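As stored in entry.txt (compact mmCIF, C-alpha atoms):
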# COMPACT_ATOMS: atom_id res chain seq x y z
CA MET A 1 -68.93 -47.23 -7.92
CA ILE A 2 -69.27 -49.26 -11.10
CA MET A 3 -70.70 -52.64 -10.31
CA GLY A 4 -70.59 -55.99 -12.16
CA LEU A 5 -71.87 -57.10 -15.56
CA ALA A 6 -73.34 -60.40 -16.61
CA ALA A 7 -71.52 -62.26 -19.37
CA PRO A 8 -72.81 -61.40 -22.86
CA ASP A 9 -75.06 -63.83 -24.66
CA ARG A 10 -72.74 -65.47 -27.22
CA GLN A 11 -75.62 -66.33 -29.56
CA ASN A 12 -76.82 -62.73 -29.81
CA PRO A 13 -74.07 -60.24 -29.00
CA MET A 14 -76.54 -57.34 -28.97
CA ILE A 15 -78.28 -58.72 -25.86
CA ILE A 16 -76.91 -59.14 -22.33
CA ASN A 17 -78.33 -60.92 -19.35
CA GLN A 18 -80.34 -58.65 -17.11
CA ASP A 19 -79.34 -59.22 -13.51
CA GLY A 20 -79.69 -55.76 -12.05
CA ARG A 21 -75.99 -54.98 -11.98
CA MET A 22 -74.43 -51.75 -13.27
CA THR A 23 -72.26 -51.12 -16.31
CA LEU A 24 -70.25 -48.13 -17.48
CA MET A 25 -70.36 -47.60 -21.26
CA LEU A 26 -67.55 -45.43 -22.68
CA LEU A 27 -68.06 -44.01 -26.15
CA ASP A 28 -65.09 -43.25 -28.39
CA ALA A 29 -66.92 -40.17 -29.64
CA ALA A 30 -64.73 -39.23 -32.62
CA SER A 31 -64.67 -42.81 -33.86
CA MET A 32 -68.45 -42.85 -33.69
CA TYR A 33 -69.23 -39.51 -35.31
CA PHE A 34 -66.80 -40.13 -38.18
CA ARG A 35 -68.52 -43.45 -38.82
CA ALA A 36 -71.93 -41.80 -38.51
CA TYR A 37 -70.91 -39.10 -40.99
CA PHE A 38 -69.84 -41.61 -43.62
CA GLY A 39 -72.66 -44.03 -42.85
CA VAL A 40 -75.59 -41.58 -43.05
CA PRO A 41 -76.13 -39.61 -46.28
CA GLU A 42 -75.58 -35.86 -46.30
CA SER A 43 -79.13 -35.52 -47.57
CA VAL A 44 -80.13 -35.80 -43.90
CA THR A 45 -80.32 -32.11 -43.12
CA ALA A 46 -81.70 -29.54 -40.70
CA PRO A 47 -84.71 -27.41 -41.72
CA ASP A 48 -82.32 -24.81 -43.16
CA GLY A 49 -80.55 -27.43 -45.31
CA THR A 50 -77.45 -27.82 -43.11
CA PRO A 51 -76.21 -31.44 -43.03
CA VAL A 52 -76.78 -33.10 -39.66
CA ASN A 53 -76.04 -36.66 -40.74
CA ALA A 54 -73.21 -37.16 -38.23
CA ILE A 55 -75.33 -35.86 -35.35
CA ARG A 56 -78.35 -37.95 -36.25
CA GLY A 57 -76.21 -41.01 -36.86
CA PHE A 58 -74.33 -40.63 -33.56
CA LEU A 59 -77.51 -40.23 -31.54
CA ASP A 60 -79.19 -43.17 -33.28
CA MET A 61 -76.14 -45.39 -32.79
CA THR A 62 -76.02 -44.49 -29.10
CA ALA A 63 -79.74 -45.12 -28.69
CA ARG A 64 -79.38 -48.57 -30.21
CA LEU A 65 -76.39 -49.41 -28.02
CA VAL A 66 -78.13 -48.23 -24.85
CA SER A 67 -81.26 -50.20 -25.71
CA ALA A 68 -79.35 -53.38 -26.51
CA ARG A 69 -76.56 -53.32 -23.93
CA ARG A 70 -78.50 -51.51 -21.18
CA PRO A 71 -75.66 -49.71 -19.38
CA THR A 72 -76.47 -47.75 -16.27
CA HIS A 73 -73.69 -45.19 -16.79
CA LEU A 74 -72.57 -43.49 -20.00
CA VAL A 75 -69.67 -41.19 -20.94
CA ALA A 76 -68.81 -39.77 -24.37
CA CYS A 77 -64.99 -39.52 -24.41
CA LEU A 78 -63.41 -36.76 -26.48
CA ASP A 79 -60.16 -36.01 -28.28
CA GLU A 80 -58.87 -32.83 -26.66
CA ASP A 81 -55.73 -33.44 -28.73
CA TRP A 82 -56.04 -35.96 -31.55
CA ARG A 83 -52.24 -36.00 -32.13
CA PRO A 84 -50.57 -35.43 -28.73
CA ALA A 85 -47.14 -33.83 -28.70
CA PHE A 86 -45.58 -36.59 -26.58
CA ARG A 87 -46.52 -39.21 -29.18
CA VAL A 88 -45.33 -37.08 -32.11
CA ALA A 89 -42.03 -36.38 -30.33
CA ALA A 90 -41.44 -40.12 -30.02
CA ILE A 91 -42.56 -41.03 -33.57
CA PRO A 92 -42.95 -38.01 -35.87
CA SER A 93 -44.97 -40.02 -38.41
CA TYR A 94 -47.73 -40.61 -35.84
CA LYS A 95 -51.00 -39.74 -37.63
CA GLU A 96 -49.03 -37.44 -39.93
CA HIS A 97 -50.99 -38.63 -42.96
CA ARG A 98 -54.20 -37.32 -41.35
CA LEU A 99 -53.02 -33.71 -41.14
CA ALA A 100 -55.05 -31.15 -43.06
CA PRO A 101 -53.11 -29.84 -46.08
CA GLY A 102 -50.89 -26.95 -45.06
CA SER A 103 -51.65 -27.32 -41.34
CA PRO A 104 -49.10 -28.34 -38.70
CA ASP A 105 -51.69 -29.65 -36.23
CA ALA A 106 -55.27 -29.70 -37.56
CA GLU A 107 -56.83 -33.02 -38.54
CA ALA A 108 -58.23 -33.31 -42.05
CA THR A 109 -61.99 -33.31 -41.49
CA PRO A 110 -64.76 -33.06 -44.10
CA ASP A 111 -66.06 -29.51 -44.38
CA THR A 112 -69.59 -30.58 -43.53
CA LEU A 113 -68.57 -32.69 -40.53
CA ALA A 114 -66.55 -30.15 -38.53
CA PRO A 115 -69.52 -27.79 -37.85
CA GLN A 116 -71.63 -30.69 -36.60
CA VAL A 117 -69.32 -31.65 -33.73
CA PRO A 118 -69.99 -28.65 -31.42
CA ILE A 119 -73.73 -29.01 -32.08
CA LEU A 120 -73.56 -32.66 -31.09
CA LEU A 121 -71.74 -31.78 -27.87
CA ASP A 122 -74.35 -29.13 -27.06
CA VAL A 123 -77.09 -31.72 -27.59
CA LEU A 124 -75.38 -34.27 -25.32
CA ALA A 125 -74.88 -31.62 -22.62
CA ALA A 126 -78.54 -30.56 -22.77
CA MET A 127 -79.62 -34.20 -22.57
CA GLY A 128 -77.44 -34.84 -19.54
CA VAL A 129 -75.02 -37.29 -21.18
CA ALA A 130 -71.58 -36.90 -19.59
CA CYS A 131 -68.69 -35.86 -21.84
CA ALA A 132 -65.05 -36.15 -20.78
CA GLY A 133 -61.75 -35.07 -22.28
CA SER A 134 -58.28 -34.21 -21.04
CA PRO A 135 -56.09 -31.41 -22.49
CA GLY A 136 -53.13 -32.82 -24.39
CA PHE A 137 -54.60 -36.32 -24.66
CA GLU A 138 -56.70 -38.43 -26.99
CA ALA A 139 -60.06 -39.99 -26.23
CA ASP A 140 -58.25 -43.34 -26.01
CA ASP A 141 -56.34 -42.06 -22.99
CA VAL A 142 -59.51 -40.78 -21.34
CA ILE A 143 -61.15 -44.15 -21.96
CA GLY A 144 -58.12 -45.97 -20.59
CA THR A 145 -58.10 -43.84 -17.45
CA LEU A 146 -61.81 -44.22 -16.74
CA ALA A 147 -61.77 -47.94 -17.52
CA ALA A 148 -58.76 -48.59 -15.30
CA ALA A 149 -60.39 -46.73 -12.42
CA ALA A 150 -63.68 -48.66 -12.67
CA THR A 151 -64.22 -51.22 -9.95
CA ASP A 152 -66.48 -53.43 -12.02
CA ALA A 153 -67.80 -53.78 -15.58
CA VAL A 154 -66.92 -51.50 -18.49
CA GLU A 155 -67.93 -51.63 -22.15
CA VAL A 156 -65.96 -49.51 -24.63
CA VAL A 157 -67.61 -48.60 -27.94
CA THR A 158 -65.07 -47.95 -30.68
CA GLY A 159 -63.95 -48.68 -34.20
CA ASP A 160 -60.29 -48.32 -33.12
CA ARG A 161 -58.25 -51.49 -32.60
CA ASP A 162 -55.79 -49.69 -30.29
CA LEU A 163 -58.31 -50.03 -27.48
CA PHE A 164 -58.14 -53.84 -27.68
CA GLN A 165 -55.21 -53.55 -25.26
CA LEU A 166 -57.60 -52.59 -22.45
CA VAL A 167 -59.50 -55.88 -22.27
CA ARG A 168 -59.46 -57.73 -18.98
CA ASP A 169 -61.56 -60.34 -17.20
CA GLU A 170 -61.73 -59.08 -13.61
CA PRO A 171 -63.22 -56.61 -13.29
CA PRO A 172 -64.41 -57.04 -16.87
CA ILE A 173 -63.56 -54.65 -19.68
CA ARG A 174 -65.07 -55.53 -23.04
CA ILE A 175 -64.66 -53.78 -26.38
CA LEU A 176 -67.80 -53.28 -28.48
CA TYR A 177 -66.06 -53.06 -31.85
CA ILE A 178 -68.20 -51.25 -34.41
CA ALA A 179 -65.85 -51.14 -37.41
CA ARG A 180 -68.47 -52.98 -39.49
CA SER A 181 -71.44 -51.14 -37.90
CA VAL A 182 -73.36 -51.17 -34.64
CA ALA A 183 -75.63 -53.90 -36.02
CA LYS A 184 -72.58 -56.12 -36.63
CA LEU A 185 -70.58 -55.21 -33.56
CA GLU A 186 -68.04 -57.64 -32.15
CA ILE A 187 -67.67 -58.13 -28.41
CA LEU A 188 -64.04 -58.66 -27.49
CA GLY A 189 -62.48 -59.67 -24.21
CA PRO A 190 -59.09 -61.30 -23.57
CA ALA A 191 -60.16 -64.65 -25.03
CA GLU A 192 -61.53 -63.06 -28.21
CA VAL A 193 -58.42 -60.91 -28.73
CA ALA A 194 -56.23 -63.98 -28.21
CA ALA A 195 -58.26 -65.97 -30.74
CA LYS A 196 -58.36 -63.14 -33.28
CA TYR A 197 -54.64 -62.36 -33.30
CA GLY A 198 -52.94 -65.41 -31.81
CA ILE A 199 -51.47 -63.44 -28.91
CA PRO A 200 -51.95 -63.29 -25.14
CA GLY A 201 -55.23 -61.43 -24.56
CA GLY A 202 -53.71 -58.36 -22.94
CA ALA A 203 -50.75 -58.00 -25.31
CA TYR A 204 -52.31 -56.13 -28.21
CA ALA A 205 -50.22 -52.97 -27.71
CA ASP A 206 -46.94 -54.91 -27.91
CA TYR A 207 -48.17 -56.81 -30.95
CA ALA A 208 -49.19 -53.55 -32.68
CA ALA A 209 -45.83 -51.94 -31.92
CA LEU A 210 -44.00 -54.80 -33.63
CA ARG A 211 -46.37 -55.14 -36.57
CA GLY A 212 -47.01 -51.43 -37.02
CA ASP A 213 -50.27 -49.73 -37.89
CA PRO A 214 -50.52 -47.72 -41.13
CA SER A 215 -53.80 -46.15 -39.99
CA ASP A 216 -51.86 -44.39 -37.20
CA GLY A 217 -48.61 -43.86 -39.09
CA LEU A 218 -46.73 -46.41 -36.99
CA PRO A 219 -44.00 -48.02 -39.10
CA GLY A 220 -43.51 -51.20 -37.09
CA VAL A 221 -40.43 -53.35 -37.61
CA PRO A 222 -39.71 -53.69 -41.34
CA GLY A 223 -40.19 -57.29 -42.40
CA VAL A 224 -42.14 -58.27 -39.27
CA GLY A 225 -45.77 -58.85 -40.18
CA ASP A 226 -48.81 -60.15 -38.34
CA LYS A 227 -47.70 -63.78 -37.97
CA THR A 228 -44.14 -63.02 -36.91
CA ALA A 229 -45.26 -60.34 -34.44
CA ALA A 230 -47.81 -62.73 -32.93
CA ALA A 231 -45.25 -65.53 -32.67
CA LEU A 232 -42.71 -63.28 -30.96
CA ILE A 233 -45.17 -61.88 -28.43
CA THR A 234 -46.55 -65.35 -27.70
CA ALA A 235 -43.06 -66.80 -27.23
CA PHE A 236 -41.72 -64.04 -24.99
CA GLY A 237 -44.94 -62.83 -23.36
CA SER A 238 -44.29 -59.13 -23.92
CA LEU A 239 -42.22 -56.71 -25.96
CA GLU A 240 -40.27 -55.80 -22.83
CA ARG A 241 -39.17 -59.40 -22.28
CA LEU A 242 -38.38 -59.82 -25.98
CA LEU A 243 -36.06 -56.79 -25.92
CA ALA A 244 -34.47 -57.90 -22.65
CA SER A 245 -33.70 -61.27 -24.21
CA LEU A 246 -32.35 -59.56 -27.32
CA ASP A 247 -30.03 -57.45 -25.15
CA ALA A 248 -28.90 -60.44 -23.11
CA THR A 249 -27.84 -62.30 -26.25
CA GLU A 250 -26.23 -59.34 -27.99
CA ALA A 251 -22.73 -60.75 -27.57
CA THR A 252 -23.59 -64.14 -29.06
CA ARG A 253 -25.91 -62.72 -31.75
CA THR A 254 -28.36 -65.55 -31.05
CA LEU A 255 -31.87 -65.58 -29.64
CA SER A 256 -33.51 -68.90 -28.88
CA GLY A 257 -36.27 -69.76 -31.33
CA VAL A 258 -35.80 -66.63 -33.44
CA SER A 259 -34.30 -66.81 -36.91
CA PRO A 260 -31.16 -64.81 -37.71
CA SER A 261 -33.07 -62.64 -40.19
CA VAL A 262 -35.72 -61.67 -37.61
CA ARG A 263 -33.00 -61.00 -35.00
CA ALA A 264 -31.31 -58.68 -37.47
CA ARG A 265 -34.57 -56.84 -38.14
CA LEU A 266 -35.26 -56.39 -34.44
CA ARG A 267 -31.77 -55.08 -33.79
CA ALA A 268 -31.96 -52.71 -36.75
CA ALA A 269 -35.27 -51.34 -35.44
CA ARG A 270 -34.15 -51.05 -31.84
CA ASP A 271 -34.40 -47.24 -31.71
CA TYR A 272 -38.02 -47.49 -32.88
CA LEU A 273 -38.83 -50.27 -30.42
CA ASP A 274 -37.47 -48.22 -27.53
CA VAL A 275 -40.01 -45.43 -28.12
CA ALA A 276 -42.95 -47.29 -29.68
CA PRO A 277 -44.55 -48.43 -26.40
CA ALA A 278 -45.00 -44.82 -25.25
CA VAL A 279 -46.91 -44.13 -28.45
CA VAL A 280 -48.96 -47.31 -28.75
CA GLN A 281 -49.90 -47.81 -25.12
CA VAL A 282 -53.11 -46.12 -24.02
CA ARG A 283 -52.49 -43.92 -21.00
CA GLN A 284 -54.39 -44.78 -17.84
CA ASP A 285 -53.35 -41.84 -15.69
CA VAL A 286 -54.54 -38.67 -17.42
CA PRO A 287 -56.38 -35.89 -15.58
CA VAL A 288 -60.11 -36.55 -15.93
CA ARG A 289 -62.87 -35.01 -13.86
CA ARG A 290 -63.89 -37.41 -11.13
CA ASP A 291 -67.19 -35.63 -10.40
CA LEU A 292 -68.81 -36.53 -13.73
CA ARG A 293 -72.51 -37.29 -13.51
CA THR A 294 -72.29 -40.47 -15.50
CA GLU A 295 -75.71 -41.99 -14.76
CA LEU A 296 -78.00 -42.36 -17.75
CA PRO A 297 -80.31 -39.33 -17.81
CA SER A 298 -83.91 -40.11 -16.90
CA ALA A 299 -84.91 -36.65 -18.20
CA PRO A 300 -83.09 -33.86 -20.06
CA ARG A 301 -80.72 -31.81 -17.94
CA ASP A 302 -81.70 -28.64 -19.79
CA PRO A 303 -85.10 -29.23 -21.45
CA GLU A 304 -85.37 -25.73 -22.91
CA ALA A 305 -81.95 -25.84 -24.54
CA LEU A 306 -82.60 -29.35 -25.85
CA LEU A 307 -85.93 -28.28 -27.35
CA ASP A 308 -84.28 -25.31 -29.06
CA LEU A 309 -81.48 -27.50 -30.46
CA SER A 310 -83.91 -30.17 -31.62
CA ASP A 311 -86.15 -27.65 -33.38
CA ARG A 312 -83.33 -25.71 -35.01
CA TRP A 313 -81.46 -28.74 -36.32
CA GLY A 314 -84.34 -31.14 -36.94
CA LEU A 315 -83.19 -33.69 -34.37
CA GLU A 316 -86.51 -34.48 -32.69
CA SER A 317 -86.72 -38.14 -33.69
CA SER A 318 -83.07 -39.00 -32.89
CA VAL A 319 -83.11 -37.11 -29.58
CA GLY A 320 -86.38 -38.80 -28.70
CA ARG A 321 -85.01 -42.27 -29.41
CA LEU A 322 -81.98 -41.75 -27.20
CA LEU A 323 -84.02 -40.24 -24.37
CA GLN A 324 -86.50 -43.09 -24.59
CA ALA A 325 -83.70 -45.68 -24.49
CA CYS A 326 -82.15 -44.02 -21.43
CA GLU A 327 -85.50 -43.73 -19.67
CA SER A 328 -86.28 -47.39 -20.32
CA VAL A 329 -83.02 -48.55 -18.78
CA ARG A 330 -83.39 -46.21 -15.81
CA GLN A 331 -86.94 -47.40 -15.12
CA ALA A 332 -85.89 -51.05 -15.33
CA SER A 333 -82.98 -50.50 -12.95
CA ASP A 334 -85.19 -48.64 -10.50
CA HIS A 335 -87.48 -51.66 -10.26
CA MET A 336 -84.70 -54.20 -9.62
Translate the structure described by the file into C-alpha cells.
Amino acid sequence: MIMGLAAPDRQNPMIINQDGRMTLMLLDAASMYFRAYFGVPESVTAPDGTPVNAIRGFLDMTARLVSARRPTHLVACLDEDWRPAFRVAAIPSYKEHRLAPGSPDAEATPDTLAPQVPILLDVLAAMGVACAGSPGFEADDVIGTLAAAATDAVEVVTGDRDLFQLVRDEPPIRILYIARSVAKLEILGPAEVAAKYGIPGGAYADYAALRGDPSDGLPGVPGVGDKTAAALITAFGSLERLLASLDATEATRTLSGVSPSVRARLRAARDYLDVAPAVVQVRQDVPVRRDLRTELPSAPRDPEALLDLSDRWGLESSVGRLLQACESVRQASDHM
C-alpha cells in the first residue's frame, strides 16, 4: 500500500517535510535518459571509450531526486511501444515526425544513445530498482495505471506535459517536471496546472486536444490556440461537454458565449475531436505486473552483476551515489 505524503515546501521545491509517510516515485525513463544524453557530454565514457553519458546522467538525476524527495518506493516506467498502434490508427500523424528515416516504426534515436539503454536497464535490475512496461503501450500509460492504483501519494518525474492530466489532490499525485533540469524542477498539482494554463486542474488532456501539440504530432483545431482552448475548457468544464453543447445547438448554429468563427472551426474539426481524446488521454488500465518489488533497495539485488557492470562501463561513482541515496532513505524510514 502506498501511504500519504506531506505537502511540499513551497519555498524550496527540492525538499519535502519528513513525517514518516511513504511515497511512490514513478520515473518516465525515456524522458529522463534522453535529457541525460543531451545534458551530459559524450566525452563521459567507459574505460573502452564507449559513451555512457546517458547512463551516468540518468543515475545521477535519480540519485538527486531520491535524496531530495525521499520516496520510499521507486519504479522506472518504460516505453514498450513508443508509438502505439491504437493511437496511430486514430491520428496517423501521432509522433510521425520522430520516426527514423526509412523506418515504419522505429524512433529516431542518436546512434550513441541506443546502445546505452539496455545497459542502463541491466544496471537498474542489478541494483534492485523496479522497472515496469506494458506491451503495446507507452511509459505514460504505465505511469497512469500505477498512479491511479495507488492509495496514497505519488510523484511522477517527467519532462512530458501530457502527464499533467494525472494530477489530483486526494490521494495526491504531483508531477515533478524536469524540462528545465532536475535542479530547476517544477512541482505541479491541480492548483499549479490551473494557474499555469488557466484551466481546471484536471483538464489538461482536453485542453491539449483542442490546442494540439506539435511535439507529439497532434494537429489540434486549426485557429484554436492556447487562450481560446483554455477559455473553452473553462467555460464548458470538459471537451465532452463542449461537444455535447455543440451538437445540441447544431440546428440553430449558435453556441452560448462562443463566437461564430470558433464554432465554425470546432464543427470543421469534429472528426478530429471525436478521436483525439483516445490519443491524448493517458491510459489507466494497462496490464502491469502487480508483484513489482518497488521498495527502494537497501542493498544491490545482484551485487556481482552490479560490480561487473560498474567496472566494465566505468559507473562506480554514479552507481554509488544512487545506492547511497537509497540506503539513506531506507535507514531514515526504518527509524521512524
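Across A:Pro190, A:Gly202, A:Pro172, A:Pro71, the tightest approach to Glu327 (chain A) is made by A:Pro71 when counting all atoms listed in the file.
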Self-check item: Residue neighbourhood Gly198 (chain A), 10 Å, all atoms listed in the file, exclusion window fewer than 4 positions, as number ranges by chain
Solution: A: 191-194, 204, 207, 226-227, 229-231, 233-234
Atoms kept (C-alpha atoms) for selection, written as a JSON list (two decimals), in the coordinates of the input:
[["chain", "number", "residue", "atom", "x", "y", "z"],
["A", 191, "ALA", "CA", -60.16, -64.65, -25.03],
["A", 192, "GLU", "CA", -61.53, -63.06, -28.21],
["A", 193, "VAL", "CA", -58.42, -60.91, -28.73],
["A", 194, "ALA", "CA", -56.23, -63.98, -28.21],
["A", 204, "TYR", "CA", -52.31, -56.13, -28.21],
["A", 207, "TYR", "CA", -48.17, -56.81, -30.95],
["A", 226, "ASP", "CA", -48.81, -60.15, -38.34],
["A", 227, "LYS", "CA", -47.70, -63.78, -37.97],
["A", 229, "ALA", "CA", -45.26, -60.34, -34.44],
["A", 230, "ALA", "CA", -47.81, -62.73, -32.93],
["A", 231, "ALA", "CA", -45.25, -65.53, -32.67],
["A", 233, "ILE", "CA", -45.17, -61.88, -28.43],
["A", 234, "THR", "CA", -46.55, -65.35, -27.70]]
Quiz item: Can you list, as a PyMOL selection string, every protein, DNA or RNA residue that comes within 12 Å of Val167 (chain A) when you count all atoms listed in the file, leaving out same-chain residues fewer than 2 positions away?
Solution: chain A and resi 143-144+147-148+153-156+161-165+169-177+187-194+200-205+282
Quiz item: At most 8 Å from (-66.0, -39.1, -46.6), file frame, all atoms listed in the file: which residues, as a list in words?
Solution: Tyr37, Phe38 and Pro110 of chain A
Write a file of the just-selected residues containing C-alpha atoms, as a CSV table (one decimal), in the coordinates of the input.
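Ended up saving to again-v1.csv:
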chain,number,residue,atom,x,y,z
A,37,TYR,CA,-70.9,-39.1,-41.0
A,38,PHE,CA,-69.8,-41.6,-43.6
A,110,PRO,CA,-64.8,-33.1,-44.1
Quiz item: Could you pull the residues within 6 Å of Ser31 (chain A), counting all atoms listed in the file, minus those fewer than 3 positions along the same chain, as a ChimeraX atom specification?
Solution: /A:28,34,159
Kindly provide the residues of region 118-215 of chain A that approach region 39-59 of chain A to within 10 Å, each paired with its closest atom pair and their distance in Å to one decimal, based on only C-alpha atoms, listed by chain and increasing number, as a Markdown table.
| residue | atom | partner | partner_atom | distance |
| --- | --- | --- | --- | --- |
| A:Pro118 | CA | A:Ile55 | CA | 9.8 |
| A:Ile119 | CA | A:Ile55 | CA | 7.8 |
| A:Leu120 | CA | A:Ile55 | CA | 5.6 |
| A:Leu121 | CA | A:Ile55 | CA | 9.2 |
| A:Val123 | CA | A:Ile55 | CA | 9.0 |
| A:Leu124 | CA | A:Leu59 | CA | 8.9 |
| A:Ser181 | CA | A:Gly39 | CA | 8.7 |
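Atom pair CA of Leu322 (chain A) / CA of Leu65 (chain A) has a distance of 9.5 Å (rounded to one decimal).
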Practice problem: Show me as a PyMOL selection string the residues that reach within 10 Å of (-80.0, -36.7, -23.9), counting only C-alpha atoms and using the file's own coordinates. | Solution: chain A and resi 59+63+122-130+296-303+306+318-327
Excluding same-chain residues fewer than 6 positions from region 210-212 of chain A, what lies within 6 Å of it counting all atoms listed in the file, as a PDB file with C-alpha atoms, in the frame of the given file?
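Written output follows (out_26.pdb):
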ATOM      1  CA  LEU A 218     -46.730 -46.410 -36.990  1.00  0.00           C
ATOM      2  CA  PRO A 219     -44.000 -48.020 -39.100  1.00  0.00           C
ATOM      3  CA  GLY A 220     -43.510 -51.200 -37.090  1.00  0.00           C
ATOM      4  CA  VAL A 221     -40.430 -53.350 -37.610  1.00  0.00           C
ATOM      5  CA  VAL A 224     -42.140 -58.270 -39.270  1.00  0.00           C
ATOM      6  CA  GLY A 225     -45.770 -58.850 -40.180  1.00  0.00           C
ATOM      7  CA  ASP A 226     -48.810 -60.150 -38.340  1.00  0.00           C
ATOM      8  CA  ALA A 229     -45.260 -60.340 -34.440  1.00  0.00           C
TER       9      ALA A 229
END
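In this model, the gap between CA of Cys131 (chain A) and CA of Asp216 (chain A) comes to 24.3 Å.
For the set A:Ala100, A:Val75, A:Ala276, A:Ala235, the residue with the smallest atom-to-atom gap to Leu292 (chain A) is A:Val75, counting all atoms listed in the file.
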Practice problem: Would you kindly return, as a list of chain:residue names, each protein, DNA or RNA residue with an atom no farther than 9 Å from any atom of region 260-268 of chain A, considering only C-alpha atoms and excluding same-chain residues fewer than 6 positions away? | Solution: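 Listed by chain and then number, they are A:Leu210, A:Val221, A:Pro222, A:Gly223, A:Val224, A:Thr228, A:Leu243, A:Leu246, A:Arg253, A:Thr254.
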Quiz item: Just how far from CA of Glu96 (chain A) is CA of Pro214 (chain A), in Å to one decimal?
Solution: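 For CA of Pro214 (chain A) relative to CA of Glu96 (chain A), the distance reads 10.5 Å.
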Could the centre and edge lengths of an axis-aligned box, enclosing all atoms of region 283-289 of chain A in the file with 5 Å extra on each side, be given in Å to one decimal as JSON?
{"center_x": -57.7, "center_y": -39.9, "center_z": -17.4, "size_x": 20.4, "size_y": 19.8, "size_z": 17.1}
Exercise. Select, from A:Ala269, A:Leu315, A:Val142, A:Met25, the residue with the minimum atom-to-atom distance to His73 (chain A), counting all atoms listed in the file.
Key: A:Met25
Taking the partial coordinates given, rebuild region 261-274 of chain A to contain N, CA and C atoms; return it as an mmCIF file, in the frame of the given file.
data_model
loop_
_atom_site.group_PDB
_atom_site.id
_atom_site.type_symbol
_atom_site.label_atom_id
_atom_site.label_comp_id
_atom_site.auth_asym_id
_atom_site.auth_seq_id
_atom_site.Cartn_x
_atom_site.Cartn_y
_atom_site.Cartn_z
ATOM 1 N N SER A 261 -32.547 -63.784 -39.449
ATOM 2 C CA SER A 261 -33.070 -62.640 -40.190
ATOM 3 C C SER A 261 -33.995 -61.789 -39.328
ATOM 4 N N VAL A 262 -34.824 -62.423 -38.498
ATOM 5 C CA VAL A 262 -35.720 -61.670 -37.610
ATOM 6 C C VAL A 262 -34.902 -60.976 -36.528
ATOM 7 N N ARG A 263 -33.883 -61.642 -35.989
ATOM 8 C CA ARG A 263 -33.000 -61.000 -35.000
ATOM 9 C C ARG A 263 -32.398 -59.736 -35.593
ATOM 10 N N ALA A 264 -31.938 -59.841 -36.830
ATOM 11 C CA ALA A 264 -31.310 -58.680 -37.470
ATOM 12 C C ALA A 264 -32.314 -57.545 -37.635
ATOM 13 N N ARG A 265 -33.548 -57.873 -37.977
ATOM 14 C CA ARG A 265 -34.570 -56.840 -38.140
ATOM 15 C C ARG A 265 -34.898 -56.158 -36.814
ATOM 16 N N LEU A 266 -34.982 -56.956 -35.764
ATOM 17 C CA LEU A 266 -35.260 -56.390 -34.440
ATOM 18 C C LEU A 266 -34.127 -55.464 -34.000
ATOM 19 N N ARG A 267 -32.900 -55.905 -34.209
ATOM 20 C CA ARG A 267 -31.770 -55.080 -33.790
ATOM 21 C C ARG A 267 -31.700 -53.799 -34.618
ATOM 22 N N ALA A 268 -32.000 -53.897 -35.901
ATOM 23 C CA ALA A 268 -31.960 -52.710 -36.750
ATOM 24 C C ALA A 268 -33.039 -51.701 -36.373
ATOM 25 N N ALA A 269 -34.143 -52.210 -35.811
ATOM 26 C CA ALA A 269 -35.270 -51.340 -35.440
ATOM 27 C C ALA A 269 -35.285 -50.996 -33.968
ATOM 28 N N ARG A 270 -34.146 -51.207 -33.289
ATOM 29 C CA ARG A 270 -34.150 -51.050 -31.840
ATOM 30 C C ARG A 270 -34.511 -49.634 -31.408
ATOM 31 N N ASP A 271 -34.054 -48.610 -32.109
ATOM 32 C CA ASP A 271 -34.400 -47.240 -31.710
ATOM 33 C C ASP A 271 -35.917 -47.037 -31.757
ATOM 34 N N TYR A 272 -36.552 -47.575 -32.779
ATOM 35 C CA TYR A 272 -38.020 -47.490 -32.880
ATOM 36 C C TYR A 272 -38.683 -48.246 -31.733
ATOM 37 N N LEU A 273 -38.202 -49.448 -31.454
ATOM 38 C CA LEU A 273 -38.830 -50.270 -30.420
ATOM 39 C C LEU A 273 -38.673 -49.681 -29.033
ATOM 40 N N ASP A 274 -37.646 -48.862 -28.831
ATOM 41 C CA ASP A 274 -37.470 -48.220 -27.530
ATOM 42 C C ASP A 274 -38.543 -47.169 -27.260
#
